[in-house]
Amino acid sequence: MVKLVKIFGHAGITGNVIADHEAKEAARKIVNGQLKAQATISIEDARKLATEIAMRSWQRQWDEHSKGRKTHEMIPNVGTKVVWPTKRDTAISYYRILLHDTLLKSDPFRTGISTSSICECGYHSETVEHFILHCPEYNSERLQLTDTVESLWQNVKDSGYAFDKLHFIVAPRSDDIVDTT
Ligand SMILES: [Zn+2]
């Protein structure tokens with residue numbers, strides 16, 4: 001029996017390395033005339049192939065690019081369907097968080113506008129992660145947020161506890177949503 005599974009990011013996966021090797025080997029044999037390639041390909045297959053190549057190329061660029069690394073942390077796979085807030089001002093805050101361009105101290109510090117990145121609580125750099133998940137100044141607001149988020153999202157990957165992953169808050173994926181309808 002053959003079991004097909006979806007794998008995000010192929011590097012270092014043994015099966016994928018073998019498949020890549022086999023594909024290269026087949027291509028080499030076709031070039032050398034040892035193997036005869038199919039002369040025609042259907043439009044449907046050509047479209048699939050083109051999409052696959054484009055997606056792979058996009059993923060490789062996204063993985064290797066030096067810019068947008070904060071966004072990459074939260075949305076590592078290209079083609080991920082992210083759920084955006086319908087309220088405009090909330091959506092703008094989301095975009096700013098994803099673009100690493102907030103008014104929290106670590107962003108203006110990084111761009112040279114501010115002289116310190118340290119949070120009001122006095123211990124840590126005021127990053128999005130610190131502000132939303134850890135800063136003791138916002139404990140009561142966080143409890144409220146936790147309650148709301150927990151009723152909306154489920155953690156599909158780990159322990160069943162959603163609040164340990166920042167992306168559930170700022171870039172929820174459509175497959176994270178619990179369908180309550
Ligand atoms: Zn703090």
# chains A, B, ... in the order shown; residues from 1 in each chain; ligands from 1
call {"tool": "residues_near_ligand", "arguments": {"ligand": "ligand 1", "cutoff": "6 Å", "atoms": "only C-alpha atoms and all ligand atoms", "output": "MDAnalysis selection string"}}
result
chainID A and resid 119:121 124 126 135
call {"tool": "residues_around", "arguments": {"residues": "Gln59 (chain A)", "least_positions_apart": "5", "cutoff": "10 Å", "atoms": "only C-alpha atoms", "output": "ChimeraX atom specification"}}
result
/A:8-9,53-54,64-65,76-79
call {"tool": "write_last_selection", "arguments": {"atoms": "N, CA and C atoms", "output": "PDB file, in the first residue's frame"}}
result
ATOM      1  N   PHE A   8       5.658  19.770   4.266  1.00  0.00           N
ATOM      2  CA  PHE A   8       6.018  21.170   4.046  1.00  0.00           C
ATOM      3  C   PHE A   8       7.527  21.321   4.196  1.00  0.00           C
ATOM      4  N   GLY A   9       8.184  21.872   3.194  1.00  0.00           N
ATOM      5  CA  GLY A   9       9.627  22.078   3.300  1.00  0.00           C
ATOM      6  C   GLY A   9      10.323  20.739   3.153  1.00  0.00           C
ATOM      7  N   ILE A  53       6.336  23.645  -9.992  1.00  0.00           N
ATOM      8  CA  ILE A  53       7.665  24.259 -10.128  1.00  0.00           C
ATOM      9  C   ILE A  53       7.643  25.683  -9.572  1.00  0.00           C
ATOM     10  N   ALA A  54       6.580  26.436  -9.897  1.00  0.00           N
ATOM     11  CA  ALA A  54       6.480  27.816  -9.413  1.00  0.00           C
ATOM     12  C   ALA A  54       6.401  27.851  -7.882  1.00  0.00           C
ATOM     13  N   GLU A  64      15.062  31.301   1.670  1.00  0.00           N
ATOM     14  CA  GLU A  64      16.455  31.746   1.618  1.00  0.00           C
ATOM     15  C   GLU A  64      16.635  33.258   1.646  1.00  0.00           C
ATOM     16  N   HIS A  65      15.552  33.993   1.440  1.00  0.00           N
ATOM     17  CA  HIS A  65      15.658  35.451   1.380  1.00  0.00           C
ATOM     18  C   HIS A  65      16.069  36.024   2.741  1.00  0.00           C
ATOM     19  N   PRO A  76       5.713  30.173   7.571  1.00  0.00           N
ATOM     20  CA  PRO A  76       6.866  29.590   6.874  1.00  0.00           C
ATOM     21  C   PRO A  76       6.545  29.012   5.502  1.00  0.00           C
ATOM     22  N   ASN A  77       5.309  28.601   5.288  1.00  0.00           N
ATOM     23  CA  ASN A  77       5.006  27.930   4.016  1.00  0.00           C
ATOM     24  C   ASN A  77       4.252  28.843   3.058  1.00  0.00           C
ATOM     25  N   VAL A  78       4.779  28.978   1.847  1.00  0.00           N
ATOM     26  CA  VAL A  78       4.086  29.803   0.853  1.00  0.00           C
ATOM     27  C   VAL A  78       2.753  29.141   0.502  1.00  0.00           C
ATOM     28  N   GLY A  79       1.803  29.960   0.130  1.00  0.00           N
ATOM     29  CA  GLY A  79       0.489  29.426  -0.225  1.00  0.00           C
ATOM     30  C   GLY A  79      -0.397  29.177   0.983  1.00  0.00           C
TER      31      GLY A  79
END
call {"tool": "select_by_dssp", "arguments": {"residues": "region 24-129 of chain A", "states": "helix (DSSP H, G or I)", "output": "ChimeraX atom specification"}}
result
/A:24-32,43-64,69-74,88-98,106-110,128-129
call {"tool": "residues_around", "arguments": {"residues": "Ala27 (chain A)", "least_positions_apart": "6", "cutoff": "12 Å", "atoms": "only C-alpha atoms", "output": "list in words"}}
result
Asp20, His21, Gly33, Gln34, Leu35, Lys36, Ala37 and Gln38 of chain A
call {"tool": "closest_residue", "arguments": {"among": "A:Ser140, A:Thr146, A:Ser66, A:Thr71", "to": "Leu98 (chain A)", "atoms": "only C-alpha atoms"}}
result
A:Thr71
call {"tool": "residues_around", "arguments": {"residues": "Thr102 (chain A)", "least_positions_apart": "2", "cutoff": "12 Å", "atoms": "only C-alpha atoms", "output": "mmCIF file with C-alpha atoms, in the first residue's frame"}}
result
data_model
loop_
_atom_site.group_PDB
_atom_site.id
_atom_site.type_symbol
_atom_site.label_atom_id
_atom_site.label_comp_id
_atom_site.auth_asym_id
_atom_site.auth_seq_id
_atom_site.Cartn_x
_atom_site.Cartn_y
_atom_site.Cartn_z
ATOM 1 C CA ILE A 92 -3.850 47.112 10.040
ATOM 2 C CA SER A 93 -2.370 46.097 13.414
ATOM 3 C CA TYR A 94 -2.014 42.542 12.115
ATOM 4 C CA TYR A 95 -0.189 43.704 8.998
ATOM 5 C CA ARG A 96 2.145 45.873 11.046
ATOM 6 C CA ILE A 97 2.994 42.963 13.334
ATOM 7 C CA LEU A 98 3.665 40.698 10.363
ATOM 8 C CA LEU A 99 5.808 43.341 8.687
ATOM 9 C CA HIS A 100 7.769 43.909 11.917
ATOM 10 C CA LEU A 104 6.404 48.478 20.316
ATOM 11 C CA LYS A 105 9.899 49.580 21.357
ATOM 12 C CA SER A 106 11.913 46.864 19.613
ATOM 13 C CA ASP A 107 10.818 48.004 16.130
ATOM 14 C CA PRO A 108 11.668 51.723 16.379
ATOM 15 C CA PHE A 109 14.883 50.709 18.156
ATOM 16 C CA ARG A 110 15.814 48.442 15.266
ATOM 17 C CA THR A 111 15.212 51.190 12.730
ATOM 18 C CA GLU A 126 9.515 44.966 23.934
ATOM 19 C CA THR A 127 8.938 42.644 20.999
ATOM 20 C CA VAL A 128 5.542 41.518 19.711
ATOM 21 C CA GLU A 129 6.100 38.151 21.365
ATOM 22 C CA PHE A 131 4.019 42.151 24.521
#
call {"tool": "select_by_dssp", "arguments": {"residues": "region 6-166 of chain A", "states": "strand (DSSP E or B)", "output": "PDB file with N, CA and C atoms, in the first residue's frame"}}
result
ATOM      1  N   VAL A  82      -4.043  32.512   5.278  1.00  0.00           N
ATOM      2  CA  VAL A  82      -4.118  33.161   6.582  1.00  0.00           C
ATOM      3  C   VAL A  82      -5.475  33.842   6.712  1.00  0.00           C
ATOM      4  N   ILE A 118      14.042  48.339  25.536  1.00  0.00           N
ATOM      5  CA  ILE A 118      13.587  47.710  26.782  1.00  0.00           C
ATOM      6  C   ILE A 118      12.150  48.134  27.129  1.00  0.00           C
ATOM      7  N   SER A 125      13.291  43.130  26.020  1.00  0.00           N
ATOM      8  CA  SER A 125      13.050  43.903  24.816  1.00  0.00           C
ATOM      9  C   SER A 125      11.555  43.810  24.494  1.00  0.00           C
ATOM     10  N   TRP A 153      -9.608  28.917  18.432  1.00  0.00           N
ATOM     11  CA  TRP A 153      -8.604  28.140  17.697  1.00  0.00           C
ATOM     12  C   TRP A 153      -8.334  26.810  18.394  1.00  0.00           C
TER      13      TRP A 153
END
call {"tool": "atom_distance", "arguments": {"atom1": "CA of Trp84 (chain A)", "atom2": "CA of Gly68 (chain A)"}}
result
18.4 Å
call {"tool": "atom_distance", "arguments": {"atom1": "CA of Asp101 (chain A)", "atom2": "CA of Gln61 (chain A)"}}
result
22.0 Å
call {"tool": "atom_distance", "arguments": {"atom1": "CA of Tyr138 (chain A)", "atom2": "CA of Tyr123 (chain A)"}}
result
14.2 Å
